[in-house]
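Visitor: Structure in structure tokens, see below.
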Number of protein chains: 2
Amino acid sequence: MTQSENPRVVIAGAGFGGLSAARTLAHSPVDVMVVDRNTYHTFLPLLYQVAAGELEPGDIAYPVRTILRKIPSAKFAMVEVKRVDLARRVVETDGPEIPYDYLILATGTVDHFLRVPGAPEHAFSLKTLEEAIALRNHILGCVERADYEPDEEHRQSLISFAIVGGGPTGVEFAGALAELIHGPLEKDCRTLDFSQAGIVLIEATGRLLPTLPEPLGVYAANRLREMGVEVRLESLVDRVTPDSLHLQDGTIIPACTTVWAAGVRGDPQAKASGLPTARRGRVAVLPTLQAPDHPEVYVIGDLAYFEQEGSPLPMIAQVALQGGLAAARNIERQLGGQEPLPFRYKDRGTMATIGRNHAAAYAYGRTFTGFPAWLLWLSIHLFYLIGFRNRLLVMINWARHYFFREHAACRILPSEQGPPARVAQQGSGLAGDGE
Amino acid sequence: MTQSENPRVVIAGAGFGGLSAARTLAHSPVDVMVVDRNTYHTFLPLLYQVAAGELEPGDIAYPVRTILRKIPSAKFAMVEVKRVDLARRVVETDGPEIPYDYLILATGTVDHFLRVPGAPEHAFSLKTLEEAIALRNHILGCVERADYEPDEEHRQSLISFAIVGGGPTGVEFAGALAELIHGPLEKDCRTLDFSQAGIVLIEATGRLLPTLPEPLGVYAANRLREMGVEVRLESLVDRVTPDSLHLQDGTIIPACTTVWAAGVRGDPQAKASGLPTARRGRVAVLPTLQAPDHPEVYVIGDLAYFEQEGSPLPMIAQVALQGGLAAARNIERQLGGQEPLPFRYKDRGTMATIGRNHAAAYAYGRTFTGFPAWLLWLSIHLFYLIGFRNRLLVMINWARHYFFREHAACRILPSEQGPPARVAQQGSGLAGDGE
């Protein structure tokens, strides 16, 4: 298949930002190449529900090639970006080198463990589908093991969970985990005493959901406490071990599961490519979303550090979607001989769900809590889920979960990290169990 | 929770046989303990559809604990059986030891590579959910790689597939793979020439589906050939390499994917426990399904070798389901002071599906082919899928596949074996691709 002499636009990353850019370029006289290390787009806002066994991995993963079907000029390659050679205008990958005329970098962030000893080895991340599956398998594996663990102390730490970070991810996961434990797990493991189970949410600042208005953080904390989650504000983590979390005030929380939802930094590839980075490895872009000194390179989504009215834009899907659109439009302007326009983010609201039918939302300059906020959250997320089938399946899973308090996905399915390896083993007493 | 002094019945394996036995014992005065290395029951007859991206792993995996909810006397432990100490009446596992008064062994079979060099290392199995996911990821990974592979020969072997074994698994997978390739993959990878793709089905005997009546084997071969599958009968495998399959007649089939559907042997744990084994490590049971010299031990399902009217029973779900029922009834008889009764298998028919809307079935002493056989196959499989939600989701997936030739599950999702490791790598030319 011979192709045209069209300019080549390479989009690195098939997240919200990358796909938004690809769609915007659908009718432009350019050849688009989308690259990602996965064949699927991950609907990240619902990742925590996979980890909590509410959704199947497939419910939030949609094949990039199927999305791109509607864009005849777009191609896809499953490769991982290693570095960008800005001088040669080539993306270096684990596969072939990919030359570009214009580049849109949208490879997001990676976890940042803030130099907490033990965190990289023992804490579970919640940034990719693989990690969500590994975390789910680990949680279910711990409960399975607790069911025949004779030592009371160890049994308790097997069904205790520490979550570090009180942003949306930490808050949403804490709520979903409480419902998983006191719903289907309690129902299925009849011989296990779940009153010993504990969920602790650790936040360094004085409130939850620091990017939302204050009353919503207070609401989230109250709601989580009602659900049995211990919320510890102004708590700093000292270190993580396989079966405990140590705080700087000396408190030791026995827990075989520590979930890290505390910090991220920009994909290290950006720094390795020589792009100027702001704090935590995110690329400090120009107002047009271009990289300084490289008018042919745009950086969007979580990887871009962009200040508007004195404060950095949050790392959420809306910013990435709008950034992808703006970058694509600016490339079209450049191709037409015009100057790129500065990007301006329109805040359509942010929100976090807290368990079954409660949420905290900020939209149109107002705060919403409780069931109305949850309905808002539900409709917005369903609206953005790509593909009819996914929307329908997610609806079915949710309806079932909602009406029957049933978790569809409570199985330990194959994943990169099986559950037993990371569970601290001790002697066990299944033999004496029925006597 | 203190339990009664009821006799302990341990059921090793939560397949069709084990769960059938557990359900039969639901109202008996016994304490049932089901053990399995997975938390879920796998609906094995549809495993090949997971490998071909037609179904999601979750569609055919159902949590054992949820199944057992209806049986108050039944407990579950996620452990792997290592050996049975017949003298001490204890099941040794990777976790605790589990004592029993009665034992039902239903741990099935493992792959048997028939001493073919390279097969254990390079051939893909299709016996567990993990293996089905690994195979799917490998196939999709090969296609992704082929899309930018400059070397024509290597590109062809990346999209060529050899299947060893012309039984139901081999036949069903060959049909599903042909539809995957010439359906969604062809549609999504527009730059790849799939006319170079090849699927070869290798069978050692003179016909396909040797356990079904002869005309059905002929029908299956014709149908597969119409779908573009090369069927090679009376072909013996010499060895397997990462990118080819060598036959004993000297033929070399270039293929980066070899699927092994040719032979199984009984779970080695049975032999290690000192149980008398017939051919290929399956336990030669008494007519009552008891192990010789151990009236308290029953062996059922694929692990049991049982002859009826001079020929061994096939390794299919029906035999396991009926065996589980019979073993449980015999334990009830023993508890009541009666002699166990001999097992008699009632053949309700066997069948294999061949791609979209064709199947070969033998039931009620008659053979069925084509669409009527497929409808029969569909209704029987839906009937046996455990759990309403699974039935509904499988229906939705199938309906979509049927009406839109759309594969719902064509993503490389996280699994134990990622795709790139096993794909033979060569230089590639994505860079020159659009020029």
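Following the order of the structure tokens, chains are lettered A, B, ..., residues in each are numbered from 1, and ligands are numbered from 1.
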Identify, on the basis of only C-alpha atoms, every residue whose closest approach to Leu224 in chain A does not exceed 12 Å; exclude the query and any residue fewer than 2 positions from it along the same chain; express the result as a PyMOL selection string.
Guide: chain A and resi 166+170-179+199-201+208+217-222+226-232+353-356+358-360
Visitor: Grab the residues selected above and save them as a short mmCIF file (atom, residue, chain, number, x, y, z; two decimals), in the first residue's frame with C-alpha atoms.
Guide:
```cif
data_model
loop_
_atom_site.label_atom_id
_atom_site.label_comp_id
_atom_site.auth_asym_id
_atom_site.auth_seq_id
_atom_site.Cartn_x
_atom_site.Cartn_y
_atom_site.Cartn_z
CA GLY A 166 -6.65 11.18 49.48
CA GLY A 170 -7.68 7.06 46.81
CA VAL A 171 -11.17 8.21 47.80
CA GLU A 172 -12.93 6.27 45.04
CA PHE A 173 -10.94 3.11 45.63
CA ALA A 174 -11.48 3.25 49.41
CA GLY A 175 -15.24 3.45 48.88
CA ALA A 176 -15.30 0.63 46.33
CA LEU A 177 -13.09 -1.56 48.53
CA ALA A 178 -15.36 -1.07 51.54
CA GLU A 179 -18.28 -2.23 49.45
CA ILE A 199 -9.46 0.06 55.50
CA VAL A 200 -7.28 3.08 56.29
CA LEU A 201 -7.01 6.06 53.96
CA LEU A 208 -9.48 14.84 51.14
CA GLY A 217 -13.49 16.99 50.89
CA VAL A 218 -15.33 17.15 54.21
CA TYR A 219 -18.30 15.36 52.68
CA ALA A 220 -16.06 12.59 51.27
CA ALA A 221 -14.36 12.04 54.62
CA ASN A 222 -17.69 11.80 56.46
CA GLU A 226 -19.83 6.03 57.62
CA MET A 227 -18.75 3.17 55.37
CA GLY A 228 -16.21 2.00 57.93
CA VAL A 229 -13.10 3.54 56.36
CA GLU A 230 -10.63 5.10 58.78
CA VAL A 231 -9.57 8.46 57.33
CA ARG A 232 -6.25 9.79 58.64
CA THR A 353 -17.70 8.79 43.49
CA ILE A 354 -17.81 7.40 47.00
CA GLY A 355 -19.21 3.90 46.93
CA ARG A 356 -22.70 2.95 45.90
CA HIS A 358 -22.83 8.73 46.56
CA ALA A 359 -20.47 11.17 44.93
CA ALA A 360 -18.90 14.59 45.35
#
```
Visitor: Name all residues at most 12 Å from Ser195 in chain A (count only C-alpha atoms; drop same-chain ones fewer than 5 positions away) and give them as a VMD selection string.
Guide: chain A and resid 155 to 156 159 to 160 178 181 to 182 186 228
Visitor: How about saving the chosen residues, N, CA and C atoms kept, as a short mmCIF file (atom, residue, chain, number, x, y, z; two decimals), in the first residue's frame?
Guide:
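Writing the result to part_21.cif gives the following:
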```cif
data_model
loop_
_atom_site.label_atom_id
_atom_site.label_comp_id
_atom_site.auth_asym_id
_atom_site.auth_seq_id
_atom_site.Cartn_x
_atom_site.Cartn_y
_atom_site.Cartn_z
N ARG A 155 -3.99 -13.04 60.27
CA ARG A 155 -5.26 -13.08 59.55
C ARG A 155 -5.82 -11.67 59.40
N GLN A 156 -5.72 -10.90 60.48
CA GLN A 156 -6.24 -9.54 60.44
C GLN A 156 -5.49 -8.67 59.43
N ILE A 159 -6.65 -9.13 55.89
CA ILE A 159 -7.89 -8.48 55.46
C ILE A 159 -7.91 -6.99 55.87
N SER A 160 -6.70 -6.41 56.00
CA SER A 160 -6.60 -4.98 56.25
C SER A 160 -5.87 -4.31 55.09
N ALA A 178 -14.47 -0.84 50.40
CA ALA A 178 -15.36 -1.07 51.54
C ALA A 178 -16.59 -1.86 51.10
N ILE A 181 -15.66 -5.57 50.33
CA ILE A 181 -15.44 -6.38 51.53
C ILE A 181 -16.74 -6.64 52.26
N HIS A 182 -17.52 -5.59 52.50
CA HIS A 182 -18.73 -5.77 53.29
C HIS A 182 -19.92 -6.19 52.44
N GLU A 186 -17.95 -10.71 52.16
CA GLU A 186 -18.55 -11.14 53.43
C GLU A 186 -19.59 -12.23 53.17
N GLY A 228 -17.15 2.81 57.16
CA GLY A 228 -16.21 2.00 57.93
C GLY A 228 -14.76 2.23 57.57
#
```
Visitor: Please provide as a list in words all residues within 12 Å of Lys127 in chain A, with the sequence filter that same-chain residues fewer than 4 positions apart are discarded (counting only C-alpha atoms).
Guide: Thr42, Phe43, Leu44, Pro45, Leu46, Leu47, Tyr48, Val50, Ala51, Gly108, Thr109, Val110, Asp111, His112, Glu131, Ala132, Ile133, Ala134, Leu135, Thr169, Gly170, Val259, Trp260, Ala261, Ala262, Gly263, Val264 and Arg265 of chain A
Visitor: Now that the selection is made, can you save its residues with N, CA and C atoms as a PDB file, in the first residue's frame?
Guide:
```pdb
ATOM      1  N   THR A  42      -7.398   2.558  27.559  1.00  0.00           N
ATOM      2  CA  THR A  42      -7.921   2.260  28.886  1.00  0.00           C
ATOM      3  C   THR A  42      -8.756   3.427  29.390  1.00  0.00           C
ATOM      4  N   PHE A  43      -9.966   3.149  29.812  1.00  0.00           N
ATOM      5  CA  PHE A  43     -10.821   4.201  30.377  1.00  0.00           C
ATOM      6  C   PHE A  43     -10.420   4.380  31.838  1.00  0.00           C
ATOM      7  N   LEU A  44      -9.373   5.170  32.047  1.00  0.00           N
ATOM      8  CA  LEU A  44      -8.733   5.260  33.363  1.00  0.00           C
ATOM      9  C   LEU A  44      -9.646   5.698  34.513  1.00  0.00           C
ATOM     10  N   PRO A  45     -10.644   6.583  34.281  1.00  0.00           N
ATOM     11  CA  PRO A  45     -11.451   6.999  35.439  1.00  0.00           C
ATOM     12  C   PRO A  45     -12.156   5.838  36.143  1.00  0.00           C
ATOM     13  N   LEU A  46     -12.317   4.704  35.451  1.00  0.00           N
ATOM     14  CA  LEU A  46     -12.998   3.571  36.104  1.00  0.00           C
ATOM     15  C   LEU A  46     -12.037   2.455  36.498  1.00  0.00           C
ATOM     16  N   LEU A  47     -10.732   2.740  36.419  1.00  0.00           N
ATOM     17  CA  LEU A  47      -9.756   1.711  36.720  1.00  0.00           C
ATOM     18  C   LEU A  47      -9.935   1.145  38.125  1.00  0.00           C
ATOM     19  N   TYR A  48     -10.241   2.028  39.079  1.00  0.00           N
ATOM     20  CA  TYR A  48     -10.373   1.571  40.468  1.00  0.00           C
ATOM     21  C   TYR A  48     -11.503   0.551  40.599  1.00  0.00           C
ATOM     22  N   VAL A  50     -12.153  -1.815  38.442  1.00  0.00           N
ATOM     23  CA  VAL A  50     -11.581  -3.108  38.072  1.00  0.00           C
ATOM     24  C   VAL A  50     -10.829  -3.675  39.268  1.00  0.00           C
ATOM     25  N   ALA A  51     -10.062  -2.818  39.933  1.00  0.00           N
ATOM     26  CA  ALA A  51      -9.291  -3.275  41.090  1.00  0.00           C
ATOM     27  C   ALA A  51     -10.210  -3.767  42.203  1.00  0.00           C
ATOM     28  N   GLY A 108       1.480  10.386  29.164  1.00  0.00           N
ATOM     29  CA  GLY A 108       1.015  10.384  30.552  1.00  0.00           C
ATOM     30  C   GLY A 108       2.086  10.357  31.613  1.00  0.00           C
ATOM     31  N   THR A 109       1.751   9.739  32.734  1.00  0.00           N
ATOM     32  CA  THR A 109       2.621   9.756  33.896  1.00  0.00           C
ATOM     33  C   THR A 109       2.897   8.337  34.390  1.00  0.00           C
ATOM     34  N   VAL A 110       3.876   8.256  35.262  1.00  0.00           N
ATOM     35  CA  VAL A 110       4.153   6.993  35.967  1.00  0.00           C
ATOM     36  C   VAL A 110       4.092   7.284  37.468  1.00  0.00           C
ATOM     37  N   ASP A 111       4.090   6.217  38.272  1.00  0.00           N
ATOM     38  CA  ASP A 111       4.020   6.417  39.717  1.00  0.00           C
ATOM     39  C   ASP A 111       5.262   7.096  40.256  1.00  0.00           C
ATOM     40  N   HIS A 112       5.054   7.860  41.280  1.00  0.00           N
ATOM     41  CA  HIS A 112       6.176   8.522  41.941  1.00  0.00           C
ATOM     42  C   HIS A 112       6.063   8.189  43.429  1.00  0.00           C
ATOM     43  N   GLU A 131      -1.945  -3.264  36.482  1.00  0.00           N
ATOM     44  CA  GLU A 131      -1.825  -3.041  37.923  1.00  0.00           C
ATOM     45  C   GLU A 131      -3.165  -3.223  38.621  1.00  0.00           C
ATOM     46  N   ALA A 132      -4.239  -2.804  37.964  1.00  0.00           N
ATOM     47  CA  ALA A 132      -5.558  -2.979  38.573  1.00  0.00           C
ATOM     48  C   ALA A 132      -5.886  -4.458  38.734  1.00  0.00           C
ATOM     49  N   ILE A 133      -5.552  -5.266  37.727  1.00  0.00           N
ATOM     50  CA  ILE A 133      -5.816  -6.705  37.809  1.00  0.00           C
ATOM     51  C   ILE A 133      -4.942  -7.328  38.894  1.00  0.00           C
ATOM     52  N   ALA A 134      -3.658  -6.923  38.923  1.00  0.00           N
ATOM     53  CA  ALA A 134      -2.750  -7.465  39.941  1.00  0.00           C
ATOM     54  C   ALA A 134      -3.252  -7.127  41.339  1.00  0.00           C
ATOM     55  N   LEU A 135      -3.739  -5.903  41.521  1.00  0.00           N
ATOM     56  CA  LEU A 135      -4.238  -5.493  42.836  1.00  0.00           C
ATOM     57  C   LEU A 135      -5.489  -6.296  43.208  1.00  0.00           C
ATOM     58  N   THR A 169      -8.504   9.167  43.207  1.00  0.00           N
ATOM     59  CA  THR A 169      -8.236   7.734  43.107  1.00  0.00           C
ATOM     60  C   THR A 169      -8.333   7.061  44.471  1.00  0.00           C
ATOM     61  N   GLY A 170      -7.657   7.649  45.477  1.00  0.00           N
ATOM     62  CA  GLY A 170      -7.676   7.064  46.812  1.00  0.00           C
ATOM     63  C   GLY A 170      -9.074   7.026  47.399  1.00  0.00           C
ATOM     64  N   VAL A 259      -1.953   0.373  48.983  1.00  0.00           N
ATOM     65  CA  VAL A 259      -2.214   0.877  47.636  1.00  0.00           C
ATOM     66  C   VAL A 259      -1.657   2.286  47.533  1.00  0.00           C
ATOM     67  N   TRP A 260      -0.889   2.535  46.486  1.00  0.00           N
ATOM     68  CA  TRP A 260      -0.240   3.826  46.309  1.00  0.00           C
ATOM     69  C   TRP A 260      -1.051   4.698  45.364  1.00  0.00           C
ATOM     70  N   ALA A 261      -1.657   5.737  45.904  1.00  0.00           N
ATOM     71  CA  ALA A 261      -2.428   6.669  45.073  1.00  0.00           C
ATOM     72  C   ALA A 261      -1.983   8.084  45.408  1.00  0.00           C
ATOM     73  N   ALA A 262      -0.670   8.216  45.681  1.00  0.00           N
ATOM     74  CA  ALA A 262      -0.193   9.463  46.288  1.00  0.00           C
ATOM     75  C   ALA A 262       0.558  10.388  45.353  1.00  0.00           C
ATOM     76  N   GLY A 263       1.172   9.870  44.333  1.00  0.00           N
ATOM     77  CA  GLY A 263       1.940  10.802  43.521  1.00  0.00           C
ATOM     78  C   GLY A 263       2.332  10.222  42.182  1.00  0.00           C
ATOM     79  N   VAL A 264       2.427  11.084  41.197  1.00  0.00           N
ATOM     80  CA  VAL A 264       2.864  10.643  39.877  1.00  0.00           C
ATOM     81  C   VAL A 264       3.911  11.609  39.359  1.00  0.00           C
ATOM     82  N   ARG A 265       4.661  11.147  38.362  1.00  0.00           N
ATOM     83  CA  ARG A 265       5.553  12.068  37.659  1.00  0.00           C
ATOM     84  C   ARG A 265       5.446  11.777  36.162  1.00  0.00           C
TER      85      ARG A 265
END
```
Visitor: Please list as a list in words every residue within 7 Å of range 73-86 of chain A, counting only C-alpha atoms and excluding residues in the same chain fewer than 2 positions away.
Guide: Ala26, Asp31, Val32, Met33, Val34, Val35, Asp36, Arg37, Asn38, Thr39, Arg65, Leu68, Ile71, Arg88, Arg89, Val90, Val91, Glu92, Thr93, Asp94, Gly95, Gln269, Ala272 and Ser273 of chain A; Glu144 of chain B
Visitor: Go ahead and save the picked residues with N, CA and C atoms, as a short mmCIF file (atom, residue, chain, number, x, y, z; two decimals), in the first residue's frame.
Guide:
```cif
data_model
loop_
_atom_site.label_atom_id
_atom_site.label_comp_id
_atom_site.auth_asym_id
_atom_site.auth_seq_id
_atom_site.Cartn_x
_atom_site.Cartn_y
_atom_site.Cartn_z
N ALA A 26 -8.99 13.66 11.66
CA ALA A 26 -9.58 12.67 10.75
C ALA A 26 -9.71 13.16 9.32
N ASP A 31 -1.06 12.10 7.38
CA ASP A 31 -1.05 10.67 7.72
C ASP A 31 -0.80 10.56 9.22
N VAL A 32 -1.77 10.00 9.92
CA VAL A 32 -1.67 9.91 11.37
C VAL A 32 -1.16 8.52 11.75
N MET A 33 -0.20 8.45 12.63
CA MET A 33 0.26 7.18 13.19
C MET A 33 0.12 7.27 14.70
N VAL A 34 -0.75 6.44 15.27
CA VAL A 34 -0.92 6.38 16.71
C VAL A 34 -0.07 5.23 17.22
N VAL A 35 0.74 5.47 18.25
CA VAL A 35 1.50 4.37 18.85
C VAL A 35 1.16 4.28 20.33
N ASP A 36 1.12 3.05 20.82
CA ASP A 36 0.87 2.81 22.24
C ASP A 36 1.45 1.44 22.56
N ARG A 37 1.84 1.25 23.83
CA ARG A 37 2.39 -0.06 24.16
C ARG A 37 1.31 -1.10 24.34
N ASN A 38 0.06 -0.66 24.45
CA ASN A 38 -1.06 -1.59 24.49
C ASN A 38 -1.89 -1.47 23.22
N THR A 39 -2.65 -2.52 22.90
CA THR A 39 -3.51 -2.45 21.72
C THR A 39 -4.84 -1.78 22.06
N ARG A 65 -7.38 -0.02 17.38
CA ARG A 65 -7.61 -0.19 15.94
C ARG A 65 -9.09 -0.06 15.58
N LEU A 68 -9.93 3.52 15.57
CA LEU A 68 -9.34 4.23 14.43
C LEU A 68 -9.95 3.83 13.09
N ILE A 71 -11.22 6.41 10.87
CA ILE A 71 -10.28 7.43 10.37
C ILE A 71 -9.35 6.77 9.35
N ARG A 88 16.63 14.54 14.97
CA ARG A 88 16.35 13.76 13.76
C ARG A 88 14.85 13.66 13.47
N ARG A 89 14.02 14.11 14.41
CA ARG A 89 12.56 13.98 14.30
C ARG A 89 12.12 12.52 14.11
N VAL A 90 12.54 11.73 15.08
CA VAL A 90 12.27 10.30 15.04
C VAL A 90 11.87 9.84 16.44
N VAL A 91 10.83 9.04 16.55
CA VAL A 91 10.46 8.44 17.83
C VAL A 91 11.14 7.08 17.92
N GLU A 92 11.94 6.90 18.97
CA GLU A 92 12.61 5.62 19.18
C GLU A 92 11.72 4.74 20.06
N THR A 93 11.53 3.50 19.62
CA THR A 93 10.62 2.60 20.34
C THR A 93 11.30 1.26 20.61
N ASP A 94 10.58 0.35 21.25
CA ASP A 94 11.11 -1.01 21.41
C ASP A 94 11.00 -1.77 20.09
N GLY A 95 10.33 -1.21 19.12
CA GLY A 95 10.26 -1.79 17.79
C GLY A 95 11.00 -0.88 16.82
N GLN A 269 10.45 9.26 29.72
CA GLN A 269 10.84 9.37 28.32
C GLN A 269 10.97 10.84 27.89
N ALA A 272 14.21 12.16 29.21
CA ALA A 272 15.29 11.49 28.48
C ALA A 272 15.44 12.05 27.07
N SER A 273 14.36 12.58 26.54
CA SER A 273 14.41 13.15 25.19
C SER A 273 14.95 14.58 25.20
N GLU B 144 0.16 -7.73 15.32
CA GLU B 144 0.67 -6.37 15.49
C GLU B 144 2.08 -6.24 14.92
#
```
Visitor: Please run DSSP on the backbone and report, as JSON, numbers by chain, all residues within range 259-380 of chain A that come out as strand (DSSP E or B).
Guide: {"A": [259, 260, 264, 265, 266, 277, 283, 284, 290, 291, 294, 295, 296, 297, 298, 299, 304, 305, 307, 308, 311, 312, 350, 351, 352, 353, 359, 360, 361, 362, 363, 366, 367, 368, 369]}
Visitor: As a PyMOL selection string, please: all residues of range 115-273 of chain B that backbone DSSP puts in helix (DSSP H, G or I).
Guide: chain B and resi 119-122+129-146+152-158+168-188+194-196+214-226+268-272
Visitor: Please identify all polymer residues within 8 Å of Ile104 in chain B, counting only C-alpha atoms, omitting same-chain residues fewer than 4 positions from it, and present them as a list in words.
Guide: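 Listing them by chain and then by number gives Val9, Val10, Ile11, Ala12, Gly18, Val297, Tyr298, Val299, Ile300 and Ala327 of chain B.
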Visitor: Could you give me, as a ChimeraX atom specification, the residues within 10 Å of Arg282 in chain A, counting only C-alpha atoms and dropping anything in the same chain fewer than 5 positions from it?
Guide: /A:108-109,264-268,270-271,275-277,299,301-306
Visitor: CA of Gly349 in chain A and CA of Gly281 in chain A are how many Å apart?
Guide: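 CA of Gly281 in chain A lies at a distance of 26.0 Å from CA of Gly349 in chain A.
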Visitor: Just how far from CA of Leu209 in chain A is CA of Ser311 in chain A, in Å to one decimal?
Guide: 16.1 Å
Visitor: Enter the distance from CA of Ala320 in chain A to CA of Arg344 in chain A, in Å, rounded to one decimal.
Guide: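 Separation of CA of Ala320 in chain A and CA of Arg344 in chain A: 12.0 Å.
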Visitor: I'd like the contact shell of Ile331 in chain A - 9 Å cut-off, only C-alpha atoms, skipping same-chain residues fewer than 2 positions apart - returned as a VMD selection string.
Guide: chain A and resid 9 25 102 296 298 326 to 329 333 to 336 340
Visitor: When you count only C-alpha atoms, which of these residues is closest to Leu236 in chain B: B:Asp249, B:Glu339, B:Glu309, B:Asp347?
Guide: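 Checking each of B:Asp249, B:Glu339, B:Glu309, B:Asp347 against Leu236 in chain B, counting only C-alpha atoms, the winner is B:Asp249.
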Visitor: Given only C-alpha atoms as the basis, pick out the residue of B:Thr128, B:Thr191, B:Thr257, B:Gln49 nearest to chain A.
Guide: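 With only C-alpha atoms as the atom set, the closest residue is B:Thr191.
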